[in-house]
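Q: Contents of structure.txt (compact mmCIF, C-alpha atoms):
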```txt
# COMPACT_ATOMS: atom_id res chain seq x y z
CA MET A 1 -5.04 39.96 221.45
CA SER A 2 -8.28 38.01 221.55
CA ASP A 3 -11.67 39.55 220.74
CA ASP A 4 -12.61 39.01 224.37
CA ALA A 5 -9.64 41.01 225.65
CA ARG A 6 -10.10 43.76 223.06
CA PHE A 7 -13.75 44.14 224.00
CA ALA A 8 -12.86 44.35 227.70
CA GLN A 9 -10.43 47.18 226.92
CA ALA A 10 -13.11 49.04 224.93
CA ILE A 11 -15.56 49.26 227.85
CA PRO A 12 -15.73 52.88 229.14
CA ASP A 13 -14.78 53.46 232.78
CA ASP A 14 -18.26 54.58 233.83
CA VAL A 15 -19.80 51.42 232.36
CA LEU A 16 -17.16 49.31 234.11
CA ASP A 17 -18.06 51.02 237.38
CA ALA A 18 -21.73 50.12 236.88
CA LEU A 19 -20.82 46.50 236.10
CA ARG A 20 -18.68 46.22 239.25
CA ARG A 21 -21.34 47.79 241.43
CA ILE A 22 -23.97 45.27 240.33
CA HIS A 23 -21.56 42.31 240.52
CA ASP A 24 -20.21 43.29 243.94
CA ALA A 25 -23.79 43.35 245.24
CA GLY A 26 -24.02 39.62 244.43
CA HIS A 27 -25.81 39.70 241.07
CA SER A 28 -24.92 38.32 237.65
CA VAL A 29 -24.48 41.00 235.00
CA TRP A 30 -23.79 41.10 231.24
CA ILE A 31 -23.25 43.68 228.53
CA VAL A 32 -25.86 43.10 225.84
CA GLY A 33 -27.00 44.34 222.45
CA GLY A 34 -25.68 47.21 220.40
CA ALA A 35 -22.25 47.64 222.01
CA ILE A 36 -21.31 44.07 221.05
CA ARG A 37 -22.78 44.42 217.56
CA ASP A 38 -20.82 47.62 216.92
CA PHE A 39 -17.63 46.09 218.34
CA PHE A 40 -17.75 43.26 215.81
CA LEU A 41 -18.48 45.77 213.05
CA GLY A 42 -15.42 47.79 214.04
CA ILE A 43 -17.32 50.98 214.88
CA GLU A 44 -17.43 52.95 218.11
CA ALA A 45 -20.31 51.90 220.34
CA LYS A 46 -22.77 54.61 221.32
CA ASP A 47 -25.15 52.60 223.52
CA TRP A 48 -24.01 50.50 226.45
CA ASP A 49 -26.83 48.35 227.83
CA LEU A 50 -26.66 45.84 230.67
CA ALA A 51 -28.73 42.83 231.70
CA THR A 52 -28.79 41.48 235.26
CA ASP A 53 -30.69 39.10 237.50
CA ALA A 54 -31.04 41.91 240.07
CA ALA A 55 -34.62 43.14 240.42
CA PRO A 56 -35.38 46.72 239.29
CA ALA A 57 -35.84 47.81 242.90
CA GLN A 58 -32.38 46.46 243.74
CA VAL A 59 -30.84 48.30 240.80
CA LEU A 60 -32.49 51.53 241.96
CA GLU A 61 -30.91 51.09 245.39
CA LEU A 62 -27.44 50.53 243.94
CA PHE A 63 -27.14 53.80 242.03
CA PRO A 64 -27.60 57.37 243.28
CA ARG A 65 -28.81 58.73 239.93
CA THR A 66 -31.45 56.79 238.01
CA ALA A 67 -34.50 57.40 235.84
CA PRO A 68 -37.45 54.98 236.00
CA ILE A 69 -37.85 55.00 232.21
CA GLY A 70 -39.06 51.57 231.13
CA LEU A 71 -39.57 50.42 234.70
CA ARG A 72 -42.77 48.52 233.86
CA HIS A 73 -40.70 46.51 231.36
CA GLY A 74 -38.04 45.79 233.97
CA THR A 75 -35.59 48.46 232.77
CA VAL A 76 -33.88 51.11 234.88
CA GLN A 77 -31.90 53.93 233.30
CA VAL A 78 -28.70 54.44 235.30
CA LEU A 79 -27.24 57.92 234.85
CA THR A 80 -23.43 57.86 234.98
CA ARG A 81 -21.05 60.79 234.57
CA GLU A 82 -20.95 60.21 230.82
CA ARG A 83 -24.21 58.63 229.66
CA ALA A 84 -27.46 56.85 230.41
CA VAL A 85 -26.98 53.09 230.75
CA GLU A 86 -30.11 50.94 230.48
CA VAL A 87 -30.11 48.04 232.94
CA THR A 88 -32.73 45.37 232.26
CA THR A 89 -33.73 42.59 234.64
CA VAL A 90 -33.72 39.07 233.17
CA SER A 91 -36.41 36.54 234.07
CA ALA A 92 -34.25 33.96 235.84
CA LEU A 93 -30.89 33.60 237.58
CA GLY A 94 -27.61 32.99 235.76
CA ASP A 95 -27.29 31.71 232.18
CA GLU A 96 -30.91 30.60 232.05
CA GLY A 97 -32.04 34.17 232.51
CA ILE A 98 -29.70 35.77 229.95
CA ARG A 99 -30.47 33.12 227.31
CA ALA A 100 -34.20 33.75 227.74
CA ASP A 101 -33.58 37.50 227.45
CA LEU A 102 -31.57 37.12 224.24
CA GLY A 103 -34.28 34.87 222.82
CA ARG A 104 -36.78 37.73 223.05
CA ARG A 105 -34.60 40.35 221.34
CA ASP A 106 -35.41 41.70 217.89
CA PHE A 107 -32.56 40.61 215.62
CA THR A 108 -29.73 38.13 215.98
CA VAL A 109 -27.11 40.88 215.63
CA ASN A 110 -28.54 42.43 218.82
CA ALA A 111 -28.94 39.11 220.65
CA MET A 112 -25.39 38.73 221.95
CA ALA A 113 -24.02 39.18 225.46
CA TRP A 114 -20.64 39.50 227.21
CA ARG A 115 -20.23 38.10 230.70
CA PHE A 116 -18.77 40.20 233.52
CA PRO A 117 -16.29 39.82 235.17
CA GLY A 118 -14.89 36.65 233.64
CA GLY A 119 -15.50 37.63 230.03
CA GLY A 120 -16.73 35.45 227.21
CA PHE A 121 -19.31 36.13 224.50
CA LEU A 122 -22.69 34.47 224.44
CA ASP A 123 -24.15 34.21 220.93
CA PRO A 124 -26.92 31.57 220.91
CA HIS A 125 -28.59 32.80 217.70
CA GLY A 126 -25.63 33.26 215.37
CA GLY A 127 -25.54 37.04 215.45
CA ARG A 128 -21.81 37.29 214.78
CA ARG A 129 -22.11 35.08 211.72
CA ASP A 130 -25.00 37.21 210.45
CA LEU A 131 -22.92 40.35 210.95
CA GLY A 132 -20.09 38.80 208.93
CA GLU A 133 -22.54 38.22 206.09
CA SER A 134 -24.25 41.65 206.50
CA ARG A 135 -27.53 39.90 207.22
CA LEU A 136 -30.38 41.16 209.40
CA ARG A 137 -32.37 38.20 210.70
CA GLY A 138 -35.10 37.99 213.31
CA VAL A 139 -34.51 35.97 216.47
CA GLY A 140 -36.47 32.71 216.31
CA ASP A 141 -39.97 33.36 214.97
CA ALA A 142 -39.49 36.74 213.27
CA ALA A 143 -43.23 37.37 212.95
CA GLN A 144 -43.62 36.90 216.71
CA ARG A 145 -40.78 39.36 217.34
CA PHE A 146 -42.56 41.98 215.19
CA ARG A 147 -45.87 41.32 216.94
CA GLU A 148 -44.25 41.81 220.35
CA ASP A 149 -43.07 45.28 219.27
CA PRO A 150 -44.22 46.47 215.83
CA LEU A 151 -41.64 49.29 215.94
CA ARG A 152 -39.08 46.61 215.09
CA ALA A 153 -40.30 46.76 211.48
CA LEU A 154 -39.13 50.38 211.23
CA ARG A 155 -36.02 49.58 213.25
CA ALA A 156 -35.08 47.04 210.58
CA GLY A 157 -35.02 49.84 208.02
CA ARG A 158 -32.84 51.84 210.37
CA PHE A 159 -30.23 49.06 210.52
CA VAL A 160 -30.28 48.80 206.72
CA SER A 161 -29.57 52.53 206.53
CA THR A 162 -27.08 52.92 209.39
CA HIS A 163 -25.24 49.57 209.33
CA GLY A 164 -25.49 48.45 205.71
CA LEU A 165 -27.32 45.22 206.59
CA VAL A 166 -29.63 43.33 204.22
CA ILE A 167 -32.89 41.97 205.64
CA GLN A 168 -33.06 38.19 205.31
CA GLY A 169 -35.91 36.88 203.13
CA THR A 170 -38.15 35.24 205.72
CA THR A 171 -37.58 38.12 208.15
CA PHE A 172 -38.61 40.61 205.49
CA ALA A 173 -41.72 38.58 204.65
CA ALA A 174 -42.66 38.62 208.35
CA LEU A 175 -41.97 42.37 208.51
CA ALA A 176 -44.33 43.02 205.60
CA ARG A 177 -47.08 40.87 207.15
CA GLU A 178 -46.84 42.60 210.51
CA ALA A 179 -46.16 46.21 209.42
CA SER A 180 -49.79 47.20 210.07
CA GLY A 181 -49.05 46.86 213.79
CA LEU A 182 -47.13 50.14 213.58
CA ALA A 183 -50.50 51.89 213.77
CA ARG A 184 -50.52 50.97 217.49
CA VAL A 185 -47.06 52.41 218.23
CA ALA A 186 -46.64 55.73 220.04
CA PRO A 187 -45.99 58.50 217.45
CA GLU A 188 -42.89 59.79 219.20
CA ARG A 189 -41.26 56.34 218.95
CA ILE A 190 -41.97 56.31 215.22
CA ARG A 191 -40.46 59.79 214.93
CA GLU A 192 -37.24 58.74 216.65
CA GLU A 193 -36.77 55.65 214.46
CA TRP A 194 -37.38 57.61 211.26
CA LEU A 195 -34.85 60.21 212.41
CA ARG A 196 -32.24 57.52 213.02
CA LEU A 197 -32.97 55.93 209.66
CA LEU A 198 -32.62 59.28 207.89
CA LEU A 199 -29.23 59.89 209.51
CA GLY A 200 -27.73 56.73 207.98
CA GLN A 201 -25.45 56.46 204.95
CA GLY A 202 -27.64 53.83 203.29
CA ILE A 203 -30.75 56.00 203.18
CA LEU A 204 -31.80 54.88 199.67
CA GLU A 205 -31.71 51.20 200.65
CA GLY A 206 -33.41 51.84 204.00
CA VAL A 207 -36.28 53.84 202.49
CA ALA A 208 -36.72 51.28 199.70
CA CYS A 209 -37.12 48.49 202.27
CA MET A 210 -39.64 50.51 204.24
CA TRP A 211 -41.63 51.18 201.06
CA ARG A 212 -41.69 47.56 199.92
CA GLY A 213 -42.49 46.35 203.42
CA GLY A 214 -45.51 48.66 203.79
CA VAL A 215 -43.97 50.69 206.61
CA VAL A 216 -44.25 53.97 204.68
CA ARG A 217 -47.93 53.27 204.07
CA VAL A 218 -48.64 52.99 207.81
CA THR A 219 -46.29 55.62 209.25
CA LEU A 220 -46.21 58.21 206.43
CA PRO A 221 -49.49 57.94 204.51
CA GLU A 222 -48.81 61.40 203.07
CA MET A 223 -45.92 59.92 201.12
CA GLU A 224 -47.94 56.88 200.12
CA SER A 225 -50.67 59.04 198.55
CA ARG A 226 -48.03 61.32 196.99
CA SER A 227 -46.06 58.45 195.39
CA GLN A 228 -47.99 57.20 192.40
CA SER A 229 -45.37 56.60 189.72
CA THR A 230 -42.59 54.04 189.91
CA GLY A 231 -38.98 54.80 189.08
CA VAL A 232 -36.36 52.61 187.52
CA GLU A 233 -35.07 51.13 190.78
CA GLY A 234 -37.53 48.34 191.38
CA GLU A 235 -40.72 49.41 193.07
CA LEU A 236 -39.55 52.66 194.64
CA PRO A 237 -41.65 55.58 193.31
CA VAL A 238 -39.92 58.49 191.62
CA SER A 239 -41.00 61.03 194.25
CA LEU A 240 -39.80 58.87 197.17
CA LEU A 241 -36.54 58.12 195.39
CA HIS A 242 -35.96 61.84 194.90
CA ALA A 243 -36.72 62.55 198.58
CA ALA A 244 -34.28 59.83 199.69
CA ALA A 245 -31.63 61.08 197.26
CA THR A 246 -31.97 64.61 198.66
CA VAL A 247 -31.51 63.24 202.18
CA HIS A 248 -28.45 61.29 201.00
CA HIS A 249 -26.81 64.51 199.79
CA ALA A 250 -27.71 66.50 202.93
CA PRO A 251 -25.31 66.69 205.90
CA PRO A 252 -26.19 64.30 208.76
CA ARG A 253 -28.02 66.85 210.91
CA ALA A 254 -31.47 65.83 212.02
CA MET A 255 -33.55 68.88 211.04
CA VAL A 256 -31.84 69.31 207.66
CA ARG A 257 -32.44 65.68 206.79
CA LEU A 258 -36.05 65.84 207.92
CA ALA A 259 -36.57 68.92 205.77
CA ALA A 260 -34.87 67.14 202.85
CA PHE A 261 -37.19 64.15 203.24
CA PHE A 262 -40.30 66.35 203.37
CA HIS A 263 -39.27 69.10 200.92
CA ASP A 264 -41.22 67.70 197.96
CA LEU A 265 -44.48 66.51 199.55
CA SER A 266 -46.57 68.86 197.40
CA ARG A 267 -46.17 69.62 193.72
CA VAL A 268 -47.41 72.37 191.45
CA ALA A 269 -50.58 71.19 189.72
CA GLY A 270 -49.88 69.31 186.50
CA SER A 271 -46.22 68.52 187.26
CA ASP A 272 -46.52 64.83 188.14
CA ALA A 273 -44.95 63.44 185.01
CA ALA A 274 -42.19 61.04 186.01
CA GLY A 275 -38.64 61.02 184.71
CA PRO A 276 -35.92 58.46 185.38
CA ALA A 277 -34.96 58.56 189.05
CA VAL A 278 -35.77 62.23 189.46
CA ALA A 279 -38.65 64.33 190.68
CA PRO A 280 -40.11 67.00 188.37
CA CYS A 281 -38.80 70.52 188.97
CA PRO A 282 -42.02 72.40 189.87
CA VAL A 283 -42.70 72.07 193.61
CA ASP A 284 -45.11 73.78 195.98
CA PRO A 285 -42.94 74.76 198.99
CA SER A 286 -45.83 76.21 201.01
CA GLY A 287 -47.91 73.09 200.51
CA SER A 288 -44.97 70.84 201.37
CA ALA A 289 -44.28 72.88 204.52
CA ARG A 290 -47.90 72.55 205.63
CA ILE A 291 -47.91 68.77 205.16
CA ALA A 292 -44.51 68.44 206.87
CA ASP A 293 -45.84 70.35 209.88
CA GLU A 294 -48.91 68.08 210.03
CA ILE A 295 -46.64 65.03 210.10
CA LEU A 296 -44.42 66.47 212.82
CA ALA A 297 -47.45 67.48 214.87
CA ARG A 298 -48.72 63.91 214.65
CA TRP A 299 -45.28 62.67 215.66
CA ARG A 300 -45.35 65.02 218.68
CA ALA A 301 -42.19 66.84 217.64
CA SER A 302 -41.20 69.87 219.68
CA THR A 303 -42.33 73.36 218.71
CA ARG A 304 -38.74 74.24 217.79
CA GLU A 305 -38.37 71.19 215.52
CA ARG A 306 -41.65 71.93 213.78
CA ARG A 307 -40.73 75.57 213.25
CA GLU A 308 -37.28 74.78 211.87
CA VAL A 309 -38.45 72.11 209.42
CA GLU A 310 -41.44 74.16 208.29
CA THR A 311 -39.22 77.21 207.70
CA LEU A 312 -36.61 75.27 205.73
CA VAL A 313 -39.21 73.57 203.55
CA GLU A 314 -41.38 76.64 202.93
CA HIS A 315 -38.44 78.82 201.90
CA GLN A 316 -36.40 76.16 200.13
CA LEU A 317 -34.24 77.16 197.19
CA THR A 318 -35.73 75.83 193.96
CA ALA A 319 -35.17 76.35 190.24
CA ALA A 320 -37.35 79.48 190.52
CA SER A 321 -34.82 80.93 192.99
CA LEU A 322 -32.30 81.21 190.15
CA ARG A 323 -34.36 84.08 188.76
CA TRP A 324 -34.64 86.04 192.02
CA SER A 325 -33.37 89.59 192.17
CA GLY A 326 -30.91 90.53 194.90
CA GLY A 327 -33.76 92.03 196.95
CA GLU A 328 -35.87 88.89 196.63
CA LEU A 329 -32.95 86.73 197.73
CA ARG A 330 -32.27 88.96 200.74
CA ARG A 331 -35.94 88.91 201.77
CA ALA A 332 -35.90 85.11 201.60
CA MET A 333 -32.74 85.03 203.73
CA VAL A 334 -34.35 87.27 206.36
CA ARG A 335 -37.47 85.07 206.44
CA VAL A 336 -35.26 82.02 207.06
CA GLY A 337 -33.17 83.82 209.66
CA ARG A 338 -29.51 83.82 210.57
CA ASP A 339 -29.77 80.74 212.82
CA LEU A 340 -31.09 78.51 210.02
CA LEU A 341 -29.11 80.04 207.15
CA TRP A 342 -26.51 77.28 206.80
CA ASP A 343 -29.14 74.56 207.11
CA TRP A 344 -31.05 76.40 204.35
CA ILE A 345 -27.97 76.52 202.11
CA ASP A 346 -27.19 72.85 202.77
CA LEU A 347 -30.78 71.87 201.94
CA GLY A 348 -30.55 73.83 198.69
CA GLU A 349 -27.29 72.10 197.78
CA ALA A 350 -28.74 68.66 198.55
CA HIS A 351 -31.84 69.46 196.49
CA ALA A 352 -29.65 70.48 193.54
CA ALA A 353 -27.39 67.43 193.85
CA ALA A 354 -30.38 65.05 193.84
CA PHE A 355 -31.44 66.10 190.33
CA SER A 356 -30.24 64.13 187.32
CA ALA A 357 -29.70 65.49 183.81
CA ASP A 358 -33.44 65.13 183.17
CA CYS A 359 -34.17 68.08 185.43
CA HIS A 360 -30.92 69.93 185.83
CA GLU A 361 -31.77 73.66 185.91
CA LEU A 362 -31.14 73.97 189.65
CA SER A 363 -28.12 71.65 189.67
CA VAL A 364 -26.45 73.64 186.87
CA GLY A 365 -27.31 77.02 188.39
CA TRP A 366 -26.64 76.09 192.03
CA PRO A 367 -22.95 77.17 192.27
CA GLY A 368 -23.83 80.70 191.18
CA LEU A 369 -26.83 80.87 193.51
CA ARG A 370 -24.73 79.67 196.44
CA ARG A 371 -22.08 82.28 195.74
CA GLU A 372 -24.76 84.97 195.64
CA VAL A 373 -26.18 83.86 199.01
CA LEU A 374 -22.71 84.02 200.56
CA HIS A 375 -22.14 87.44 198.98
CA GLN A 376 -25.37 88.72 200.54
CA VAL A 377 -24.26 87.43 203.97
CA GLU A 378 -21.25 89.75 203.69
CA SER A 379 -23.27 92.72 202.38
CA GLY A 380 -24.18 94.07 205.82
CA LEU A 381 -27.72 92.69 205.58
CA PRO A 382 -29.72 93.66 208.70
CA TRP A 383 -31.31 90.36 209.77
CA SER A 384 -33.80 91.98 212.11
CA VAL A 385 -35.14 95.35 213.28
CA ALA A 386 -32.63 95.18 216.14
CA GLU A 387 -29.76 95.46 213.63
CA LEU A 388 -30.97 98.76 212.15
CA ALA A 389 -28.75 101.81 212.60
CA VAL A 390 -31.66 103.53 214.39
CA ASP A 391 -33.93 102.35 217.17
CA GLY A 392 -37.30 103.04 218.76
CA ALA A 393 -36.01 106.07 220.66
CA ASP A 394 -34.95 107.67 217.38
CA VAL A 395 -38.38 107.06 215.87
CA MET A 396 -40.17 108.51 218.91
CA GLY A 397 -37.90 111.53 218.89
CA VAL A 398 -38.54 112.38 215.24
CA LEU A 399 -42.23 111.51 215.15
CA GLY A 400 -43.05 112.81 218.61
CA VAL A 401 -45.06 109.69 219.47
CA PRO A 402 -45.08 107.55 222.63
CA PRO A 403 -44.04 103.86 222.69
CA GLY A 404 -46.56 101.69 220.87
CA GLN A 405 -47.60 100.03 217.65
CA GLU A 406 -46.77 103.06 215.50
CA VAL A 407 -43.10 102.83 216.49
CA GLY A 408 -43.00 99.15 215.55
CA ARG A 409 -44.69 99.84 212.21
CA VAL A 410 -42.16 102.49 211.28
CA LEU A 411 -39.20 100.32 212.31
CA ARG A 412 -40.51 97.47 210.16
CA ARG A 413 -40.83 99.84 207.23
CA LEU A 414 -37.23 100.96 207.73
CA HIS A 415 -36.13 97.34 207.99
CA ASP A 416 -37.84 96.49 204.69
CA MET A 417 -35.97 99.38 203.07
CA ALA A 418 -32.62 98.25 204.48
CA VAL A 419 -33.21 94.67 203.30
CA ALA A 420 -34.01 95.97 199.80
CA ASP A 421 -30.79 98.02 199.88
CA PRO A 422 -28.38 97.20 202.76
CA GLY A 423 -26.39 100.32 201.90
CA LEU A 424 -29.20 102.41 203.38
CA ASN A 425 -28.62 100.98 206.85
CA ARG A 426 -26.66 103.95 208.11
CA ARG A 427 -27.90 106.26 210.84
CA LYS A 428 -27.80 109.43 208.72
CA ASN A 429 -29.68 107.79 205.82
CA LEU A 430 -32.42 106.38 208.03
CA MET A 431 -32.79 109.56 210.12
CA ASP A 432 -33.09 111.64 206.94
CA PHE A 433 -35.76 109.30 205.65
CA LEU A 434 -37.62 109.46 208.97
CA ARG A 435 -37.68 113.26 208.89
CA LYS A 436 -38.83 113.46 205.26
CA ALA A 437 -41.32 110.59 205.11
CA PHE A 438 -42.86 110.53 208.57
CA HIS A 439 -42.36 113.86 210.29
CA LYS A 440 -45.46 116.03 210.28
```
Could I get this structure in the form of C-alpha cells?
A:
Amino acid sequence: MSDDARFAQAIPDDVLDALRRIHDAGHSVWIVGGAIRDFFLGIEAKDWDLATDAAPAQVLELFPRTAPIGLRHGTVQVLTRERAVEVTTVSALGDEGIRADLGRRDFTVNAMAWRFPGGGFLDPHGGRRDLGESRLRGVGDAAQRFREDPLRALRAGRFVSTHGLVIQGTTFAALAREASGLARVAPERIREEWLRLLLGQGILEGVACMWRGGVVRVTLPEMESRSQSTGVEGELPVSLLHAAATVHHAPPRAMVRLAAFFHDLSRVAGSDAAGPAVAPCPVDPSGSARIADEILARWRASTRERREVETLVEHQLTAASLRWSGGELRRAMVRVGRDLLWDWIDLGEAHAAAFSADCHELSVGWPGLRREVLHQVESGLPWSVAELAVDGADVMGVLGVPPGQEVGRVLRRLHDMAVADPGLNRRKNLMDFLRKAFHK
C-alpha cells in the first residue's frame, strides 16, 4: 500500500467529515502540519489541522460548533465530536495559496500538506527528507521565521525533546540570534511550550539546546542566575543538568515534571560546589518552592497548578528525609495530602535516580524510604480532621461549648495526636483524652 493510501486510512472519521464539508461547499482543502509529520515518523498523530481557501466567515457558517480562537490570524477552531480541528485560511486560491502558506511555516517538517479528496503529498521544502535525517530546519530564511513568531525558538527545543530531532546549524544560529524576541511573547504561550518540552523523552538534549541558544536566559532567568558552574556535557551547567535529569526520571505527568524541573532552584548557603553531572545534596526546598511559584505566577498558571507544584517542591523528599522519624514522615505526608501523594513519591524517586555516585546518599537510601512511605499509607493515617474517629459534635458535647473556633482548635489538636500515633485514632481513645485534657 502506498504512503498516500495509508495516510488516507489513518484520517479519523470526524476529520474526514470536516474535510468533506469544506470541499462540498466548493473550497479547496488540505491537511497540513503535524499530522503529516507524525505519520512519516510512524507515531500516532494528536493534532489534525486543515488549510483552505474558504474565508474564516465561510468556515464559521459551515460548522455548528466553532471557537473563534486565532480568528485575527485567519484560523477558526472547529469543534468535532472528538477534538478541536484548526482550520486556517490561505492567502490565495488553489495550489498558489497552499504553497504560500507552507512557505510561512516554522520548520520544514511541519511544512507539508495532503490534498483532499484526490490525495497526494505536497512537500516543497524537503520536510520528509529532513525527517528521514532527524533534522530540524527552518523554512526558507530561518531568522525571518523566528522574527515572525519568537516562540518558534522554544518550539524548536520542544521538537528536539519530543521527536528526537537535531537542529540544523544555520537554523540554530538564527535561533540564538533571535531568542531575545521571546521577551515579547505572551507568558502563557511560553508556559505551554515549556510543558510540552518537559514531557518529551529527549529532555536532556532539549534543555541543552535551549541553554546554548539563550532561550533559558530569556524565559527562565531564575535558572540562568542559578546556573554558574559548567558540567562535563559541553556548556550545560551542573544545576541545569541535574534538573533535566530529574525530569527525565519522572513520569510524564505535567505537574510532576514541572516540580522536578524547579525542585532545585535554591540551595543551602555554601553548597554550590560542582561535581560531575550532579547537583550537590543540600537544597532549600522552601526557597525553591517560592521561586517556582513566582515563575508560575509570571506564566499565568492556574491556582491549582501553582499550589500543586509549590507543595511538591516545598515538601520534596531529600537526603535529610532519610533521618526522619515515623512521626515526621507522617506529618510531611499530611502536609502534601492524599491527592498529591503519588506525585510526591514519584518526584522523590526521580530526585534519587538523578544523583550519581558523587552524591548518592538519597539514591542509596531511597528504596527503604519509599517502603516506609507505603507502610505509613497502610497504617490508618488520618489525612485530615474529617477522618478522625470523633467529630465536632463530640467535642461540643464534652466541652459544653457552642460551634466556633474552639471546636476547630481542639479537633486540630486531636488530629496532630493521631498523626503522631495513628493507633490513637479510635473513638474511645480520643473521647477519653477529651474528657481528661479539656473537660473542666
Q: Using only C-alpha atoms for the distances, tell me which of A:Leu341, A:Leu71, A:Ala5, A:Val87 is nearest to A:Thr52.
A: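 The closest residue to A:Thr52 is A:Val87.
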Q: Could you jot down the atom CA of A:Glu96 to atom CA of A:Arg37 separation for me, Å, one decimal place?
A: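 About the pair atom CA of A:Glu96 and atom CA of A:Arg37: they are 21.6 Å apart.
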Q: Would you please work out which residue, of A:Arg435, A:Val283, A:Met417, A:His73, is nearest to A:Gly400 when using only C-alpha atoms?
A: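 Residue with the minimum atom-to-atom distance to A:Gly400: A:Arg435.
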Q: Residues of stretch 87-130 of chain A within 12 Å of stretch 169-190 of chain A: nearest atom pair and distance (Å, one decimal) for each, counting all atoms listed in the file, sorted by chain and number, as CSV?
A:
```
residue,atom,partner,partner_atom,distance
A:Asp106,CA,A:Thr171,CA,10.6
A:Phe107,CA,A:Thr171,CA,9.3
A:Thr108,CA,A:Thr171,CA,11.1
```
Q: One decimal, in Å: what's the spacing between atom CA of A:Ala208 and atom CA of A:Val139?
A: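 Computing it gives 22.8 Å between the two atoms.
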Q: Name all residues at most 9 Å from A:Asn110 (count only C-alpha atoms; drop same-chain ones fewer than 2 positions away) and give them as a VMD selection string.
A: chain A and resid 32 to 37 102 105 to 108 112 to 113 127
Q: Give me stretch 308-320 of chain A with N, CA and C atoms filled in, as a PDB file, in the frame of the given file.
A:
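So part-v8.pdb came out as:
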```pdb
ATOM      1  N   GLU A 308     -38.475  74.830 212.706  1.00  0.00           N
ATOM      2  CA  GLU A 308     -37.280  74.780 211.870  1.00  0.00           C
ATOM      3  C   GLU A 308     -37.546  74.048 210.561  1.00  0.00           C
ATOM      4  N   VAL A 309     -38.192  72.888 210.637  1.00  0.00           N
ATOM      5  CA  VAL A 309     -38.450  72.110 209.420  1.00  0.00           C
ATOM      6  C   VAL A 309     -39.420  72.859 208.508  1.00  0.00           C
ATOM      7  N   GLU A 310     -40.469  73.425 209.092  1.00  0.00           N
ATOM      8  CA  GLU A 310     -41.440  74.160 208.290  1.00  0.00           C
ATOM      9  C   GLU A 310     -40.772  75.347 207.579  1.00  0.00           C
ATOM     10  N   THR A 311     -39.914  76.064 208.299  1.00  0.00           N
ATOM     11  CA  THR A 311     -39.220  77.210 207.700  1.00  0.00           C
ATOM     12  C   THR A 311     -38.321  76.784 206.559  1.00  0.00           C
ATOM     13  N   LEU A 312     -37.536  75.735 206.766  1.00  0.00           N
ATOM     14  CA  LEU A 312     -36.610  75.270 205.730  1.00  0.00           C
ATOM     15  C   LEU A 312     -37.350  74.797 204.491  1.00  0.00           C
ATOM     16  N   VAL A 313     -38.462  74.088 204.695  1.00  0.00           N
ATOM     17  CA  VAL A 313     -39.210  73.570 203.550  1.00  0.00           C
ATOM     18  C   VAL A 313     -39.931  74.693 202.814  1.00  0.00           C
ATOM     19  N   GLU A 314     -40.582  75.591 203.556  1.00  0.00           N
ATOM     20  CA  GLU A 314     -41.380  76.640 202.930  1.00  0.00           C
ATOM     21  C   GLU A 314     -40.507  77.590 202.102  1.00  0.00           C
ATOM     22  N   HIS A 315     -39.303  77.844 202.576  1.00  0.00           N
ATOM     23  CA  HIS A 315     -38.440  78.820 201.900  1.00  0.00           C
ATOM     24  C   HIS A 315     -37.290  78.151 201.149  1.00  0.00           C
ATOM     25  N   GLN A 316     -37.455  76.893 200.814  1.00  0.00           N
ATOM     26  CA  GLN A 316     -36.400  76.160 200.130  1.00  0.00           C
ATOM     27  C   GLN A 316     -36.013  76.821 198.811  1.00  0.00           C
ATOM     28  N   LEU A 317     -34.757  76.651 198.461  1.00  0.00           N
ATOM     29  CA  LEU A 317     -34.240  77.160 197.190  1.00  0.00           C
ATOM     30  C   LEU A 317     -34.607  76.184 196.075  1.00  0.00           C
ATOM     31  N   THR A 318     -35.294  76.657 195.072  1.00  0.00           N
ATOM     32  CA  THR A 318     -35.730  75.830 193.960  1.00  0.00           C
ATOM     33  C   THR A 318     -35.203  76.426 192.657  1.00  0.00           C
ATOM     34  N   ALA A 319     -35.581  75.820 191.534  1.00  0.00           N
ATOM     35  CA  ALA A 319     -35.170  76.350 190.240  1.00  0.00           C
ATOM     36  C   ALA A 319     -35.658  77.792 190.059  1.00  0.00           C
ATOM     37  N   ALA A 320     -36.826  78.111 190.632  1.00  0.00           N
ATOM     38  CA  ALA A 320     -37.350  79.480 190.520  1.00  0.00           C
ATOM     39  C   ALA A 320     -36.444  80.484 191.235  1.00  0.00           C
TER      40      ALA A 320
END
```
